[in-house]
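The file final35.cif contains mmCIF, C-alpha atoms:
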data_work
#
loop_
_atom_site.label_atom_id
_atom_site.label_comp_id
_atom_site.auth_asym_id
_atom_site.auth_seq_id
_atom_site.Cartn_x
_atom_site.Cartn_y
_atom_site.Cartn_z
CA ASN A 288 -34.28 -18.39 -71.19
CA SER A 289 -33.57 -19.77 -67.72
CA ARG A 290 -36.88 -21.61 -67.36
CA GLU A 291 -36.36 -23.37 -70.71
CA ARG A 292 -32.79 -24.25 -69.70
CA VAL A 293 -33.96 -25.84 -66.43
CA MET A 294 -36.85 -27.68 -68.10
CA THR A 295 -34.52 -28.98 -70.82
CA ALA A 296 -32.10 -30.31 -68.20
CA LEU A 297 -34.94 -31.89 -66.19
CA GLY A 298 -36.10 -33.54 -69.40
CA HIS A 299 -32.66 -35.16 -69.72
CA ALA A 300 -31.87 -33.22 -72.89
CA GLY A 301 -28.86 -31.02 -73.53
CA PRO A 302 -29.43 -27.39 -72.53
CA ASP A 303 -27.12 -24.65 -73.80
CA ARG A 304 -25.31 -24.81 -70.44
CA VAL A 305 -25.76 -26.42 -67.05
CA PRO A 306 -28.49 -24.58 -65.11
CA LEU A 307 -27.23 -22.81 -61.99
CA ASP A 308 -29.03 -22.31 -58.72
CA PHE A 309 -27.52 -20.33 -55.88
CA GLY A 310 -30.11 -19.51 -53.31
CA SER A 311 -33.54 -20.76 -54.27
CA GLY A 312 -33.61 -23.78 -51.98
CA LYS A 313 -32.39 -23.84 -48.40
CA SER A 314 -29.61 -26.27 -49.27
CA CYS A 315 -28.39 -23.85 -51.97
CA ARG A 316 -28.24 -20.71 -49.81
CA PHE A 317 -25.26 -18.76 -48.54
CA THR A 318 -24.66 -18.22 -44.85
CA VAL A 319 -24.41 -14.59 -43.72
CA GLY A 320 -20.59 -14.69 -43.62
CA ALA A 321 -20.25 -16.30 -47.05
CA TYR A 322 -22.83 -13.94 -48.55
CA LYS A 323 -20.98 -10.87 -47.27
CA LYS A 324 -17.68 -12.25 -48.61
CA ILE A 325 -18.98 -12.95 -52.09
CA THR A 326 -20.86 -9.65 -52.44
CA GLY A 327 -17.77 -7.81 -51.19
CA TYR A 328 -15.54 -9.70 -53.61
CA LEU A 329 -17.86 -8.80 -56.49
CA GLY A 330 -17.97 -5.17 -55.38
CA LEU A 331 -21.73 -5.19 -54.83
CA PRO A 332 -23.17 -2.59 -52.46
CA GLU A 333 -24.09 -3.64 -48.93
CA LYS A 334 -27.83 -4.13 -48.57
CA PRO A 335 -30.04 -5.35 -45.74
CA LEU A 336 -29.93 -9.14 -45.69
CA ARG A 337 -33.08 -11.21 -46.05
CA LEU A 338 -32.75 -14.35 -43.97
CA SER A 339 -34.71 -17.44 -44.89
CA SER A 340 -33.57 -19.12 -41.70
CA LYS A 341 -32.63 -17.08 -38.68
CA VAL A 342 -31.31 -20.13 -36.84
CA SER A 343 -29.11 -21.31 -39.74
CA GLN A 344 -28.30 -17.73 -40.80
CA LEU A 345 -29.16 -18.48 -44.45
CA VAL A 346 -29.56 -15.53 -46.83
CA VAL A 347 -31.94 -15.30 -49.78
CA PRO A 348 -29.78 -13.70 -52.49
CA ASP A 349 -30.94 -10.43 -53.98
CA ASP A 350 -31.52 -10.07 -57.70
CA GLU A 351 -28.28 -8.19 -58.28
CA LEU A 352 -26.17 -11.07 -56.96
CA SER A 353 -28.31 -13.61 -58.82
CA GLU A 354 -27.70 -11.73 -62.06
CA ARG A 355 -23.95 -11.49 -61.46
CA LEU A 356 -23.75 -15.23 -60.78
CA LYS A 357 -26.00 -15.98 -63.77
CA THR A 358 -28.30 -18.15 -61.68
CA ASP A 359 -31.31 -19.62 -63.41
CA VAL A 360 -33.78 -20.15 -60.55
CA ARG A 361 -35.43 -17.38 -58.54
CA THR A 362 -37.20 -17.27 -55.19
CA PRO A 363 -39.64 -14.60 -54.07
CA HIS A 364 -37.90 -12.70 -51.31
CA ASN A 365 -40.50 -13.24 -48.63
CA CYS A 366 -42.35 -16.48 -49.36
CA MET A 367 -43.42 -16.87 -45.76
CA ILE A 368 -44.46 -14.53 -42.98
CA ASP A 369 -42.69 -15.88 -39.94
CA ALA A 370 -44.55 -16.89 -36.84
CA PRO A 371 -43.74 -14.70 -33.85
CA GLY A 372 -40.45 -15.31 -32.08
CA GLU A 373 -38.46 -13.47 -29.45
CA ASP A 374 -34.93 -12.01 -29.62
CA TRP A 375 -32.63 -10.82 -26.83
CA GLU A 376 -28.91 -10.50 -26.23
CA THR A 377 -26.23 -10.39 -23.58
CA ASP A 378 -22.75 -8.89 -23.78
CA THR A 379 -21.43 -12.06 -25.41
CA ASP A 380 -24.37 -13.80 -27.13
CA TYR A 381 -27.51 -13.38 -29.23
CA PHE A 382 -30.55 -15.42 -28.22
CA TYR A 383 -33.72 -16.38 -30.06
CA ARG A 384 -36.84 -18.29 -29.02
CA ASP A 385 -38.86 -19.62 -31.95
CA CYS A 386 -42.63 -20.13 -32.13
CA TRP A 387 -42.20 -23.68 -30.81
CA GLY A 388 -40.55 -22.37 -27.63
CA VAL A 389 -37.10 -23.70 -28.53
CA GLU A 390 -34.30 -21.38 -27.40
CA TYR A 391 -31.16 -20.82 -29.44
CA ARG A 392 -27.85 -19.05 -28.80
CA MET A 393 -25.24 -17.61 -31.15
CA ALA A 394 -21.96 -16.15 -29.94
CA LYS A 395 -21.46 -12.51 -30.92
CA LYS A 396 -17.79 -13.16 -31.60
CA GLY A 397 -17.23 -15.87 -34.16
CA GLY A 398 -20.81 -17.20 -34.15
CA LEU A 399 -21.91 -18.56 -37.50
CA TYR A 400 -25.39 -19.80 -36.59
CA TYR A 401 -27.64 -20.42 -33.60
CA ASP A 402 -27.31 -23.57 -31.48
CA MET A 403 -30.26 -25.08 -29.57
CA VAL A 404 -29.84 -24.49 -25.86
CA LYS A 405 -33.27 -25.10 -24.32
CA PHE A 406 -36.09 -27.46 -25.23
CA PRO A 407 -39.48 -26.30 -23.93
CA TYR A 408 -40.84 -29.73 -22.93
CA ALA A 409 -37.60 -31.50 -21.97
CA ASP A 410 -38.75 -31.98 -18.37
CA ARG A 411 -42.51 -32.05 -19.05
CA LEU A 412 -42.95 -35.14 -21.24
CA ASP A 413 -46.41 -35.96 -19.86
CA GLU A 414 -47.92 -32.52 -20.52
CA PRO A 415 -49.92 -31.93 -23.68
CA TYR A 416 -48.12 -29.73 -26.17
CA ILE A 417 -49.75 -26.42 -27.03
CA TRP A 418 -49.37 -25.79 -30.76
CA PRO A 419 -47.96 -22.38 -31.74
CA GLU A 420 -49.10 -19.97 -34.41
CA MET A 421 -47.34 -21.16 -37.54
CA SER A 422 -45.64 -19.35 -40.41
CA ARG A 423 -48.00 -18.62 -43.27
CA PRO A 424 -47.67 -17.81 -46.97
CA ASN A 425 -47.03 -14.18 -47.82
CA PRO A 426 -49.60 -12.96 -50.39
CA LYS A 427 -47.05 -10.48 -51.81
CA ALA A 428 -44.74 -13.36 -52.75
CA LEU A 429 -47.23 -14.49 -55.40
CA ASP A 430 -46.88 -11.19 -57.26
CA GLU A 431 -43.10 -11.45 -57.18
CA ALA A 432 -43.25 -15.08 -58.34
CA ARG A 433 -45.44 -14.05 -61.28
CA ALA A 434 -42.96 -11.32 -62.22
CA TYR A 435 -40.05 -13.78 -62.14
CA HIS A 436 -42.06 -16.24 -64.22
CA ALA A 437 -42.90 -13.54 -66.78
CA ALA A 438 -39.18 -12.73 -67.00
CA GLY A 439 -38.45 -16.36 -67.94
CA TYR A 440 -37.26 -17.79 -64.63
CA PRO A 441 -38.37 -20.97 -62.91
CA VAL A 442 -39.59 -20.03 -59.43
CA PHE A 443 -39.11 -21.93 -56.18
CA CYS A 444 -40.56 -21.06 -52.78
CA GLY A 445 -39.21 -23.63 -50.35
CA GLU A 446 -39.70 -21.85 -47.03
CA ALA A 447 -43.19 -23.28 -46.82
CA TYR A 448 -41.70 -26.74 -46.38
CA THR A 449 -39.60 -26.92 -43.26
CA ASN A 450 -39.14 -29.63 -40.66
CA GLY A 451 -41.59 -32.48 -40.41
CA PHE A 452 -42.72 -34.07 -37.18
CA LEU A 453 -39.66 -36.33 -37.02
CA GLN A 454 -37.39 -33.27 -36.93
CA THR A 455 -39.61 -31.05 -34.80
CA ARG A 456 -40.25 -33.48 -31.92
CA PRO A 457 -36.58 -33.62 -30.82
CA ARG A 458 -36.43 -29.81 -30.92
CA ILE A 459 -39.34 -29.58 -28.50
CA TYR A 460 -38.51 -32.42 -26.11
CA GLY A 461 -34.72 -32.54 -26.45
#
Please lay out the structure from this file as structure tokens.
Amino acid sequence: NSRERVMTALGHAGPDRVPLDFGSGKSCRFTVGAYKKITGYLGLPEKPLRLSSKVSQLVVPDDELSERLKTDVRTPHNCMIDAPGEDWETDTDYFYRDCWGVEYRMAKKGGLYYDMVKFPYADRLDEPYIWPEMSRPNPKALDEARAYHAAGYPVFCGEAYTNGFLQTRPRIYG
């Protein structure tokens, strides 16, 4: 099964084929545009997209696409419950403010992802930072992970591990 294939490859032995992973880790995910193109090409029905990263517009693939692509690794669909953010739009752009207070903009026409446009403490370097409510694990994801494991898949839930302090500080202070 898939889990045995991945474990065999990680053990530096020869699995029956190279294990495939499209979508379990953030670096393996499709952007919204690419996801829509590949599902359209494969003739899969349109479904609501589950984003793992609103800012990067990365989609967690659904099981139907994972099966069609014969991927070996699975990710519970909602590993994390996102911290509160705020969305708004203008005639030309979508905007988003994350739990850190960082504001992002994505053009409605041709926008592929959100760009940072405002840093909450850029002009207040001497003020103490007030920590936001953070994302937290979704208890329902554990049940889904167990089901994937029982079906013979290795399971990965990477949303819990996002930016560290070296990446977050520039987002806050610019």
Check what the PyMOL selection byres ((chain A and resi 305) around 12) selects in the file above and give those residues as a short mmCIF file (atom, residue, chain, number, x, y, z; two decimals) with C-alpha atoms, in the frame of the given file.
data_model
loop_
_atom_site.label_atom_id
_atom_site.label_comp_id
_atom_site.auth_asym_id
_atom_site.auth_seq_id
_atom_site.Cartn_x
_atom_site.Cartn_y
_atom_site.Cartn_z
CA SER A 289 -33.57 -19.77 -67.72
CA GLU A 291 -36.36 -23.37 -70.71
CA ARG A 292 -32.79 -24.25 -69.70
CA VAL A 293 -33.96 -25.84 -66.43
CA MET A 294 -36.85 -27.68 -68.10
CA THR A 295 -34.52 -28.98 -70.82
CA ALA A 296 -32.10 -30.31 -68.20
CA LEU A 297 -34.94 -31.89 -66.19
CA HIS A 299 -32.66 -35.16 -69.72
CA ALA A 300 -31.87 -33.22 -72.89
CA GLY A 301 -28.86 -31.02 -73.53
CA PRO A 302 -29.43 -27.39 -72.53
CA ASP A 303 -27.12 -24.65 -73.80
CA ARG A 304 -25.31 -24.81 -70.44
CA PRO A 306 -28.49 -24.58 -65.11
CA LEU A 307 -27.23 -22.81 -61.99
CA ASP A 308 -29.03 -22.31 -58.72
CA LYS A 357 -26.00 -15.98 -63.77
CA THR A 358 -28.30 -18.15 -61.68
CA ASP A 359 -31.31 -19.62 -63.41
#
For this session: Starting from the shown file, work through the PyMOL selection byres ((chain A and resi 386) around 7) and note down what comes out as a list in words.
Result: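 Evaluating the PyMOL selection byres ((chain A and resi 386) around 7) on this file yields Ala370, Pro371, Gly372, Arg384, Asp385, Trp387, Gly388, Pro419 and Glu420 of chain A.
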Apply the PyMOL selection byres ((chain A and resi 328-336) around 9) to the displayed file and report the matching residues as an mmCIF file with C-alpha atoms, in the frame of the given file.
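Heads up, here's the output in out_17.cif:
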data_model
loop_
_atom_site.group_PDB
_atom_site.id
_atom_site.type_symbol
_atom_site.label_atom_id
_atom_site.label_comp_id
_atom_site.auth_asym_id
_atom_site.auth_seq_id
_atom_site.Cartn_x
_atom_site.Cartn_y
_atom_site.Cartn_z
ATOM 1 C CA VAL A 319 -24.410 -14.590 -43.720
ATOM 2 C CA LYS A 323 -20.980 -10.870 -47.270
ATOM 3 C CA LYS A 324 -17.680 -12.250 -48.610
ATOM 4 C CA ILE A 325 -18.980 -12.950 -52.090
ATOM 5 C CA THR A 326 -20.860 -9.650 -52.440
ATOM 6 C CA GLY A 327 -17.770 -7.810 -51.190
ATOM 7 C CA ARG A 337 -33.080 -11.210 -46.050
ATOM 8 C CA LEU A 338 -32.750 -14.350 -43.970
ATOM 9 C CA VAL A 346 -29.560 -15.530 -46.830
ATOM 10 C CA VAL A 347 -31.940 -15.300 -49.780
ATOM 11 C CA PRO A 348 -29.780 -13.700 -52.490
ATOM 12 C CA ASP A 349 -30.940 -10.430 -53.980
ATOM 13 C CA GLU A 351 -28.280 -8.190 -58.280
ATOM 14 C CA LEU A 352 -26.170 -11.070 -56.960
ATOM 15 C CA ARG A 355 -23.950 -11.490 -61.460
#
For this session: Select, from A:Glu373, A:Thr379, A:Thr455, A:Glu414, the residue with the minimum atom-to-atom distance to Gly397 in chain A, counting only C-alpha atoms.
Result: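 When distances to Gly397 in chain A are compared using only C-alpha atoms, the smallest one comes from A:Thr379.
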Problem set entry | Shortest interatomic distance to Ser422 in chain A - which of A:Met367, A:Val404, A:Val360, A:Ala394, counting all atoms listed in the file |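 Distance minimum relative to Ser422 in chain A lands on A:Met367.
Nearest residue to Glu431 in chain A among A:Val342, A:Met403, A:Leu412, A:Cys366 is A:Cys366, counting all atoms listed in the file.
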For this session: Using CA of Tyr435 in chain A and CA of Asn365 in chain A as the two end points, give the distance in Å to one decimal.
Result: 13.5 Å
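Considering the residues A:Arg290, A:Arg316, A:Arg423, A:Arg361 and counting only C-alpha atoms, Leu345 in chain A has its shortest atom-to-atom contact with A:Arg316.
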Exercise. A:Cys315, A:Thr362, A:Phe382, A:Ser339: which is nearest Ala428 in chain A, counting all atoms listed in the file?
Worked result: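 Going through A:Cys315, A:Thr362, A:Phe382, A:Ser339 one by one, the smallest distance to Ala428 in chain A is for A:Thr362.
With CA of Gly298 in chain A on one side and CA of Arg433 in chain A on the other, the separation reads 23.1 Å.
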Problem set entry | Å distance separating CA of Ala321 in chain A from CA of Lys341 in chain A, one decimal place |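 Distance between the two atoms: 15.0 Å.
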For this session: Name the closest residue to Phe317 in chain A among the candidates A:Met393, A:Leu399, A:Pro457, A:Tyr416; distances are taken between atoms, counting only C-alpha atoms.
Result: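 Comparing A:Met393, A:Leu399, A:Pro457, A:Tyr416 against Phe317 in chain A, the winner is A:Leu399.
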